[in-house]
file final-v1.csv (CSV, C-alpha atoms and all ligand atoms)
chain,number,residue,atom,x,y,z
A,1,MET,CA,44.9,122.6,62.7
A,2,PHE,CA,41.6,120.9,62.3
A,3,GLY,CA,41.8,120.4,58.5
A,4,GLN,CA,43.0,116.8,59.0
A,5,ASP,CA,39.7,116.1,60.8
A,6,VAL,CA,38.0,116.9,57.5
A,7,VAL,CA,40.3,114.7,55.5
A,8,ASP,CA,39.8,111.8,58.0
A,9,LEU,CA,36.0,112.2,57.9
A,10,TYR,CA,36.2,112.3,54.1
A,11,HIS,CA,38.1,108.9,54.1
A,12,ARG,CA,35.6,107.4,56.5
A,13,THR,CA,32.7,108.6,54.3
A,14,VAL,CA,34.3,107.1,51.2
A,15,ASP,CA,34.7,103.8,53.0
A,16,ALA,CA,31.2,103.8,54.2
A,17,SER,CA,29.5,104.9,50.9
A,18,LEU,CA,31.6,103.6,48.0
A,19,ALA,CA,29.9,101.1,45.8
A,20,SER,CA,26.9,100.6,48.0
A,21,LEU,CA,25.0,98.7,45.2
A,22,PRO,CA,27.5,96.2,43.8
A,23,PHE,CA,26.8,93.8,41.0
A,24,ASP,CA,25.2,90.5,41.8
A,25,ALA,CA,26.6,87.5,39.9
A,26,SER,CA,25.0,84.9,42.2
A,27,SER,CA,23.0,83.6,39.2
A,28,ARG,CA,22.3,84.7,35.6
A,29,GLU,CA,18.8,85.8,36.7
A,30,ALA,CA,20.1,87.8,39.6
A,31,PHE,CA,22.7,89.4,37.3
A,32,SER,CA,20.3,90.3,34.6
A,33,ALA,CA,17.9,91.9,37.2
A,34,TRP,CA,20.8,93.9,38.6
A,35,GLN,CA,21.8,95.0,35.1
A,36,SER,CA,18.4,96.4,34.2
A,37,ASP,CA,18.1,98.2,37.4
A,38,ALA,CA,21.7,99.5,37.3
A,39,ARG,CA,21.3,100.7,33.7
A,40,ALA,CA,18.3,102.8,34.6
A,41,ARG,CA,20.1,104.3,37.6
A,42,LEU,CA,23.2,105.1,35.5
A,43,GLY,CA,21.0,106.7,32.9
A,44,ALA,CA,19.6,109.0,35.5
A,45,ILE,CA,23.1,109.9,36.7
A,46,ILE,CA,24.3,110.7,33.1
A,47,GLY,CA,21.4,113.1,32.8
A,48,ALA,CA,18.5,113.9,30.6
A,49,LEU,CA,18.9,113.5,26.9
A,50,PRO,CA,17.2,115.3,24.0
A,51,SER,CA,14.2,113.4,22.4
A,52,ALA,CA,15.8,113.6,18.9
A,53,PRO,CA,19.0,114.7,17.3
A,54,ALA,CA,19.1,117.8,15.2
A,55,ASN,CA,20.5,116.7,11.9
A,56,LEU,CA,22.5,113.5,11.4
A,57,THR,CA,22.9,113.7,7.7
A,58,PRO,CA,26.5,114.7,7.6
A,59,THR,CA,28.4,116.8,5.1
A,60,ARG,CA,31.3,114.7,3.8
A,61,GLU,CA,34.6,115.8,2.4
A,62,VAL,CA,37.6,113.6,1.5
A,63,VAL,CA,40.7,114.9,3.3
A,64,GLU,CA,43.2,112.1,2.7
A,65,GLU,CA,43.7,109.0,0.8
A,66,THR,CA,46.3,106.4,1.7
A,67,GLY,CA,47.1,103.0,0.2
A,68,ALA,CA,44.8,101.4,2.8
A,69,TYR,CA,41.9,103.8,3.4
A,70,VAL,CA,40.0,107.0,2.5
A,71,ARG,CA,39.6,109.6,5.3
A,72,GLU,CA,36.7,111.9,5.2
A,73,ARG,CA,35.7,114.8,7.4
A,74,LEU,CA,32.1,114.6,8.4
A,75,VAL,CA,30.1,117.4,10.1
A,76,TYR,CA,26.7,116.8,11.6
A,77,GLU,CA,24.4,118.4,14.2
A,78,THR,CA,23.6,116.6,17.4
A,79,ARG,CA,21.6,119.3,19.1
A,80,PRO,CA,20.1,122.4,17.5
A,81,GLY,CA,23.0,124.6,16.4
A,82,MET,CA,25.7,122.3,17.8
A,83,ARG,CA,27.9,121.0,15.0
A,84,VAL,CA,30.2,118.1,15.5
A,85,PRO,CA,33.1,117.2,13.2
A,86,GLY,CA,34.6,113.7,12.9
A,87,TYR,CA,36.9,111.7,10.8
A,88,LEU,CA,35.6,108.6,9.0
A,89,LEU,CA,38.3,106.1,7.8
A,90,THR,CA,36.9,103.7,5.3
A,91,PRO,CA,39.2,100.8,4.3
A,92,LYS,CA,39.8,100.3,0.6
A,93,GLY,CA,38.7,97.1,-1.2
A,94,LEU,CA,35.8,96.1,1.1
A,95,ASP,CA,33.8,93.4,-0.5
A,96,GLY,CA,30.8,94.0,1.8
A,97,PRO,CA,29.7,95.8,5.0
A,98,ALA,CA,32.5,95.7,7.6
A,99,PRO,CA,32.7,96.0,11.3
A,100,ALA,CA,33.3,99.5,12.7
A,101,VAL,CA,34.9,101.1,15.8
A,102,LEU,CA,34.2,104.4,17.3
A,103,CYS,CA,37.7,105.8,18.3
A,104,LEU,CA,37.6,108.2,21.2
A,105,HIS,CA,40.3,110.6,22.2
A,106,GLY,CA,40.9,111.7,25.8
A,107,HIS,CA,41.7,115.1,27.3
A,108,SER,CA,44.1,116.1,24.5
A,109,ARG,CA,43.8,119.4,22.7
A,110,GLY,CA,44.2,117.7,19.3
A,111,GLY,CA,41.0,115.8,19.7
A,112,LYS,CA,40.3,113.5,16.7
A,113,GLU,CA,43.7,114.4,15.2
A,114,ASN,CA,45.3,112.4,18.0
A,115,CYS,CA,43.5,109.3,17.0
A,116,LEU,CA,45.5,109.3,13.8
A,117,ASP,CA,48.9,110.0,15.5
A,118,ALA,CA,51.5,107.4,16.1
A,119,ASP,CA,53.5,109.6,18.5
A,120,THR,CA,51.1,111.2,20.9
A,121,GLY,CA,50.1,108.2,23.0
A,122,TYR,CA,47.4,107.0,20.7
A,123,ALA,CA,49.5,104.5,18.6
A,124,ALA,CA,47.5,105.6,15.5
A,125,PHE,CA,44.8,103.4,16.6
A,126,ALA,CA,42.1,104.6,14.2
A,127,PRO,CA,44.4,103.9,11.1
A,128,GLN,CA,45.4,100.6,12.6
A,129,PHE,CA,41.7,99.5,12.5
A,130,ALA,CA,41.2,100.8,9.0
A,131,GLU,CA,44.3,99.0,7.8
A,132,ARG,CA,42.8,95.8,9.2
A,133,GLY,CA,39.5,96.2,7.3
A,134,VAL,CA,37.5,97.9,10.0
A,135,VAL,CA,35.7,101.2,9.5
A,136,ALA,CA,36.9,103.8,12.1
A,137,PHE,CA,35.1,106.9,13.2
A,138,CYS,CA,36.8,109.5,15.3
A,139,PRO,CA,34.5,112.4,16.5
A,140,ASP,CA,35.8,115.4,18.3
A,141,GLN,CA,34.5,115.4,21.9
A,142,ILE,CA,33.3,118.7,23.5
A,143,GLY,CA,36.3,120.8,24.6
A,144,PHE,CA,38.9,119.3,22.2
A,145,GLY,CA,40.0,119.4,18.6
A,146,GLU,CA,37.8,121.7,16.6
A,147,ARG,CA,35.5,122.0,19.6
A,148,VAL,CA,38.0,123.6,21.9
A,149,MET,CA,36.2,126.2,24.0
A,150,PRO,CA,36.7,129.8,22.6
A,151,GLU,CA,38.3,132.5,24.7
A,152,GLY,CA,35.7,134.1,26.9
A,153,LYS,CA,33.9,133.8,30.2
A,154,VAL,CA,32.4,130.4,29.6
A,155,THR,CA,35.5,128.2,30.1
A,156,TYR,CA,35.6,124.4,30.1
A,157,HIS,CA,35.1,124.4,33.9
A,158,VAL,CA,32.2,126.9,33.8
A,159,LEU,CA,30.6,124.5,31.3
A,160,VAL,CA,31.2,121.5,33.6
A,161,HIS,CA,29.8,123.1,36.7
A,162,GLY,CA,27.1,125.2,35.0
A,163,LEU,CA,25.6,122.1,33.4
A,164,ASN,CA,25.6,120.4,36.8
A,165,MET,CA,23.7,123.3,38.3
A,166,LEU,CA,21.1,122.9,35.6
A,167,GLY,CA,20.6,119.2,36.3
A,168,GLU,CA,22.6,118.2,33.2
A,169,THR,CA,26.1,116.9,32.8
A,170,LEU,CA,28.9,117.4,30.3
A,171,ILE,CA,29.4,113.7,30.3
A,172,GLY,CA,25.7,113.5,29.3
A,173,TRP,CA,26.2,115.9,26.5
A,174,ARG,CA,29.2,113.9,25.3
A,175,TYR,CA,27.2,110.7,25.6
A,176,TRP,CA,24.4,112.1,23.4
A,177,ASP,CA,27.0,113.1,20.8
A,178,LEU,CA,28.2,109.5,20.8
A,179,LEU,CA,24.7,108.1,20.5
A,180,CYS,CA,24.5,110.3,17.4
A,181,ALA,CA,27.9,109.1,16.1
A,182,MET,CA,26.8,105.5,16.6
A,183,GLU,CA,23.6,106.2,14.7
A,184,ILE,CA,25.6,107.7,11.8
A,185,VAL,CA,28.0,104.8,11.7
A,186,SER,CA,25.3,102.1,11.8
A,187,GLY,CA,23.5,103.8,8.9
A,188,LEU,CA,26.6,103.6,6.6
A,189,ASP,CA,26.2,101.1,3.9
A,190,THR,CA,29.9,100.1,4.4
A,191,VAL,CA,29.1,99.1,8.0
A,192,ARG,CA,27.6,96.0,9.6
A,193,GLU,CA,25.3,97.6,12.2
A,194,ASP,CA,25.5,94.6,14.5
A,195,ARG,CA,29.4,94.7,14.6
A,196,ILE,CA,30.1,98.1,16.0
A,197,GLY,CA,32.7,98.5,18.8
A,198,VAL,CA,34.1,101.4,20.7
A,199,MET,CA,37.6,102.1,22.0
A,200,GLY,CA,39.1,105.1,23.8
A,201,LEU,CA,41.9,106.4,26.0
A,202,SER,CA,41.4,108.1,29.4
A,203,LEU,CA,38.3,110.4,29.0
A,204,GLY,CA,37.7,108.4,25.7
A,205,GLY,CA,37.9,105.2,27.8
A,206,GLU,CA,35.4,106.7,30.3
A,207,MET,CA,33.0,107.5,27.4
A,208,THR,CA,33.7,104.0,25.9
A,209,LEU,CA,32.6,102.6,29.3
A,210,PHE,CA,29.4,104.6,29.6
A,211,LEU,CA,28.4,104.0,25.9
A,212,ALA,CA,29.0,100.3,26.0
A,213,ALA,CA,27.4,100.0,29.5
A,214,MET,CA,24.2,101.7,28.4
A,215,GLN,CA,24.0,100.5,24.8
A,216,GLU,CA,23.7,96.8,24.4
A,217,ARG,CA,24.1,97.1,20.6
A,218,ILE,CA,27.8,97.9,21.2
A,219,ALA,CA,29.3,94.6,20.3
A,220,ALA,CA,32.8,95.0,21.9
A,221,ALA,CA,34.6,97.6,23.9
A,222,CYS,CA,38.2,98.4,24.7
A,223,VAL,CA,38.9,100.8,27.6
A,224,ALA,CA,42.5,102.1,27.8
A,225,CYS,CA,43.9,103.8,30.9
A,226,TYR,CA,40.6,104.4,32.7
A,227,LEU,CA,39.0,101.3,34.2
A,228,THR,CA,40.6,100.9,37.6
A,229,SER,CA,38.6,102.2,40.6
A,230,HIS,CA,37.0,105.5,41.7
A,231,ARG,CA,38.8,104.9,45.0
A,232,SER,CA,42.3,105.2,43.5
A,233,THR,CA,41.4,107.9,41.0
A,234,PHE,CA,38.7,110.6,41.3
A,235,LEU,CA,38.1,110.0,45.0
A,236,ASP,CA,41.9,110.0,45.8
A,237,SER,CA,43.5,112.9,44.0
A,238,SER,CA,42.9,115.9,41.7
A,239,HIS,CA,41.6,115.1,38.2
A,240,CYS,CA,39.6,117.2,35.7
A,241,THR,CA,36.2,117.3,37.3
A,242,CYS,CA,34.1,116.6,34.2
A,243,GLY,CA,33.7,113.0,35.2
A,244,HIS,CA,32.7,113.6,38.8
A,245,LEU,CA,29.1,112.7,38.3
A,246,TRP,CA,26.7,113.2,41.3
A,247,ASP,CA,26.2,110.0,43.3
A,248,LEU,CA,28.2,107.9,40.8
A,249,ALA,CA,30.7,106.4,43.2
A,250,ARG,CA,28.1,105.5,45.8
A,251,GLN,CA,26.1,103.5,43.3
A,252,PHE,CA,28.9,102.1,41.1
A,253,GLU,CA,32.6,101.2,41.5
A,254,HIS,CA,34.4,100.9,38.2
A,255,VAL,CA,33.9,97.2,38.3
A,256,ASP,CA,30.2,97.6,38.5
A,257,LEU,CA,30.2,99.9,35.5
A,258,ALA,CA,32.2,97.3,33.6
A,259,ALA,CA,29.7,94.6,34.7
A,260,LEU,CA,27.1,96.5,32.7
A,261,ILE,CA,29.1,95.6,29.5
A,262,ALA,CA,29.3,91.9,30.4
A,263,PRO,CA,29.0,89.3,28.9
A,264,ARG,CA,29.8,91.3,25.8
A,265,PRO,CA,33.5,91.3,24.9
A,266,LEU,CA,35.5,93.8,27.0
A,267,PHE,CA,39.3,94.5,26.9
A,268,LEU,CA,41.2,96.6,29.4
A,269,GLU,CA,44.5,98.2,28.6
A,270,ALA,CA,46.6,99.7,31.4
A,271,GLY,CA,50.1,101.2,31.6
A,272,SER,CA,52.3,100.1,34.4
A,273,GLN,CA,53.9,103.6,34.4
A,274,ASP,CA,50.5,105.4,34.3
A,275,PRO,CA,50.6,107.7,37.4
A,276,SER,CA,46.9,108.6,37.4
A,277,PHE,CA,45.1,105.3,36.6
A,278,PRO,CA,47.0,102.5,38.5
A,279,SER,CA,47.4,99.4,36.5
A,280,GLY,CA,47.2,97.1,39.5
A,281,ASP,CA,43.6,98.2,39.9
A,282,ALA,CA,42.9,97.4,36.3
A,283,ALA,CA,44.2,93.8,36.8
A,284,ALA,CA,42.3,93.5,40.1
A,285,LEU,CA,39.1,94.7,38.3
A,286,VAL,CA,39.5,92.0,35.7
A,287,ASP,CA,39.9,89.3,38.4
A,288,GLU,CA,36.8,90.5,40.1
A,289,LEU,CA,34.8,90.7,36.9
A,290,ARG,CA,35.8,87.2,35.7
A,291,SER,CA,33.0,85.7,37.8
A,292,VAL,CA,30.4,87.4,35.6
A,293,TYR,CA,32.0,86.1,32.4
A,294,THR,CA,32.4,82.6,33.9
A,295,LEU,CA,28.7,82.7,34.7
A,296,HIS,CA,28.0,83.3,31.0
A,297,GLY,CA,30.8,81.0,29.6
A,298,LYS,CA,33.9,82.1,27.7
A,299,PRO,CA,35.7,84.0,30.5
A,300,ASP,CA,39.0,83.9,28.7
A,301,VAL,CA,37.8,84.8,25.2
A,302,ASP,CA,35.5,87.7,26.0
A,303,LEU,CA,37.4,89.4,28.9
A,304,GLY,CA,40.9,90.6,28.2
A,305,VAL,CA,43.5,92.7,29.9
A,306,HIS,CA,47.0,93.9,28.8
A,307,VAL,CA,49.2,95.7,31.3
A,308,HIS,CA,51.9,97.2,29.2
A,309,GLY,CA,55.1,98.9,30.2
A,310,GLY,CA,54.1,102.3,29.1
A,311,GLY,CA,52.4,105.3,30.7
A,312,HIS,CA,49.0,106.9,30.1
A,313,GLU,CA,48.8,105.8,26.5
A,314,ILE,CA,47.3,103.3,24.1
A,315,ASN,CA,49.7,100.4,23.3
A,316,GLY,CA,47.4,98.6,20.9
A,317,SER,CA,49.6,95.5,20.3
A,318,GLN,CA,47.1,93.2,21.9
A,319,SER,CA,43.9,95.2,22.2
A,320,ILE,CA,43.6,96.2,18.5
A,321,PRO,CA,43.9,92.6,17.1
A,322,TRP,CA,41.6,91.4,19.9
A,323,MET,CA,38.9,94.0,18.9
A,324,VAL,CA,39.2,93.1,15.2
A,325,ASP,CA,38.8,89.4,16.1
A,326,ARG,CA,35.8,90.0,18.4
A,327,LEU,CA,34.1,92.1,15.8
A,328,SER,CA,34.7,89.9,12.8
B,401,ZN,ZN,37.4,116.9,31.7

call {"tool": "encode", "arguments": {"input": "final-v1.csv", "output": "structure tokens", "more": "lines below"}}
Ligand SMILES: [Zn+2]
result
Amino acid sequence: MFGQDVVDLYHRTVDASLASLPFDASSREAFSAWQSDARARLGAIIGALPSAPANLTPTREVVEETGAYVRERLVYETRPGMRVPGYLLTPKGLDGPAPAVLCLHGHSRGGKENCLDADTGYAAFAPQFAERGVVAFCPDQIGFGERVMPEGKVTYHVLVHGLNMLGETLIGWRYWDLLCAMEIVSGLDTVREDRIGVMGLSLGGEMTLFLAAMQERIAAACVACYLTSHRSTFLDSSHCTCGHLWDLARQFEHVDLAALIAPRPLFLEAGSQDPSFPSGDAAALVDELRSVYTLHGKPDVDLGVHVHGGGHEINGSQSIPWMVDRLS
């Protein structure tokens, strides 16, 4: 009977609180000041990080060789006792250090395997980079691939909410893993450490966003099927709760998080048939963000969007060549 009162009050609270600290593009100085303050606030929301990784000297094993690249399985340790596997795709015939892209899967049980697949909504994006002369690294994120939670009492959702109760976040754990992945990739003698990009789908897009927002050494980012708005996604309907970070939507709308990447190159992919991340919001975000890129010059070169006809999936036909071009 009175439940609707709660829903109505919730909507009023969203309207009153959402994105209370929007980006300021009134001048380059104002924008830069907003960015430093916002990056510190976002870091606090993501949660505390370890002071040092456990062991980033990976074991390496060749698992596949194609005409275009060699694929190795790397295993390294990002926190004491926590091992992380990832696939490293190194193009054949490199005549010097090459650009690299971290390729991040979403909520898909296959984890890093999906980054290789042509038919699971990932358009084989990691091999596509390797075939274009770009080193690709695909780590398993916590909860997927070889890191699927074992049967037992500590399920994925116990982990999500248990970490929150301890003042940490699963997103923060994943973020630390990605800092470690970036460290490993930038240390490879096949990689140009100033030309490292990141691209991911859905949860992988969210982690792409956080990594590129926080780490200015990320040279280009492509977010697929995530960057839209909190209002039309997590605040509107049921999603996996791992991305529901405390206070995030009050401090940042998606466009504000994207503004932390500017003026570095950023590409958005969205599917017009995606039921959970509305493509109209992605296009509107790009329109709103263009002022920031205009302030810094090159609004058409360094900010891109492709709304394709598919669903919640990577298309890649525009984003991958764009990433290769921006990183070259
Ligand atoms: Zn999740």

call {"tool": "closest_residue", "arguments": {"input": "final-v1.csv", "among": "A:Leu295, A:Ala98, A:Val160, A:Ala283", "to": "Gly172 of chain A", "atoms": "only C-alpha atoms"}}
result
A:Val160

call {"tool": "closest_residue", "arguments": {"input": "final-v1.csv", "among": "A:Gln35, A:Ser51, A:Asn315, A:Ser20", "to": "Gly271 of chain A", "atoms": "only C-alpha atoms"}}
result
A:Asn315

call {"tool": "residues_around", "arguments": {"input": "final-v1.csv", "residues": "Gly67 of chain A", "least_positions_apart": "6", "cutoff": "10 Å", "atoms": "all atoms listed in the file", "output": "list in words"}}
result
Pro91, Lys92 and Glu131 of chain A

call {"tool": "write_last_selection", "arguments": {"input": "final-v1.csv", "atoms": "C-alpha atoms", "output": "CSV table (one decimal), in the coordinates of the input"}}
result
chain,number,residue,atom,x,y,z
A,91,PRO,CA,39.2,100.8,4.3
A,92,LYS,CA,39.8,100.3,0.6
A,131,GLU,CA,44.3,99.0,7.8

call {"tool": "closest_residue", "arguments": {"input": "final-v1.csv", "among": "A:Leu289, A:Ala258, A:Met199, A:Ala123", "to": "Gly316 of chain A", "atoms": "all atoms listed in the file"}}
result
A:Ala123

call {"tool": "residues_around", "arguments": {"input": "final-v1.csv", "residues": "Pro321 of chain A", "least_positions_apart": "6", "cutoff": "12 Å", "atoms": "all atoms listed in the file", "output": "PyMOL selection string"}}
result
chain A and resi 125+128-134+222+267+304+315+327-328

call {"tool": "residues_around", "arguments": {"input": "final-v1.csv", "residues": "Leu303 of chain A", "least_positions_apart": "4", "cutoff": "12 Å", "atoms": "only C-alpha atoms", "output": "VMD selection string"}}
result
chain A and resid 220 to 223 258 to 259 261 to 269 283 285 to 294 296 to 299 319 322 to 323 326

call {"tool": "residues_near_ligand", "arguments": {"input": "final-v1.csv", "ligand": "ligand ZN 401 (chain B)", "cutoff": "7 Å", "atoms": "all atoms listed in the file", "output": "PDB file with C-alpha atoms, in the frame of the given file"}}
result
ATOM      1  CA  HIS A 107      41.700 115.100  27.300  1.00  0.00           C
ATOM      2  CA  CYS A 240      39.600 117.200  35.700  1.00  0.00           C
ATOM      3  CA  THR A 241      36.200 117.300  37.300  1.00  0.00           C
ATOM      4  CA  CYS A 242      34.100 116.600  34.200  1.00  0.00           C
ATOM      5  CA  GLY A 243      33.700 113.000  35.200  1.00  0.00           C
TER       6      GLY A 243
END

call {"tool": "closest_residue", "arguments": {"input": "final-v1.csv", "among": "A:Arg192, A:Arg73, A:His230, A:His11", "to": "Glu146 of chain A", "atoms": "only C-alpha atoms"}}
result
A:Arg73

call {"tool": "residues_near_point", "arguments": {"input": "final-v1.csv", "point": "(23.0, 103.8, 27.3)", "cutoff": "9 Å", "atoms": "only C-alpha atoms", "output": "PyMOL selection string"}}
result
chain A and resi 39-40+42-43+175+179+210-216

call {"tool": "atom_distance", "arguments": {"input": "final-v1.csv", "atom1": "atom CA of Met165 of chain A", "atom2": "atom CA of His244 of chain A"}}
result
13.2 Å

call {"tool": "residues_around", "arguments": {"input": "final-v1.csv", "residues": "Arg71 of chain A", "least_positions_apart": "6", "cutoff": "8 Å", "atoms": "all atoms listed in the file", "output": "list in words"}}
result
Val62, Val63, Glu64, Glu65, Tyr87, Leu88, Leu89 and Thr90 of chain A

call {"tool": "residues_around", "arguments": {"input": "final-v1.csv", "residues": "Phe277 of chain A", "least_positions_apart": "5", "cutoff": "10 Å", "atoms": "all atoms listed in the file", "output": "number ranges by chain"}}
result
A: 202, 224-230, 232-234, 270-272, 282, 311-312
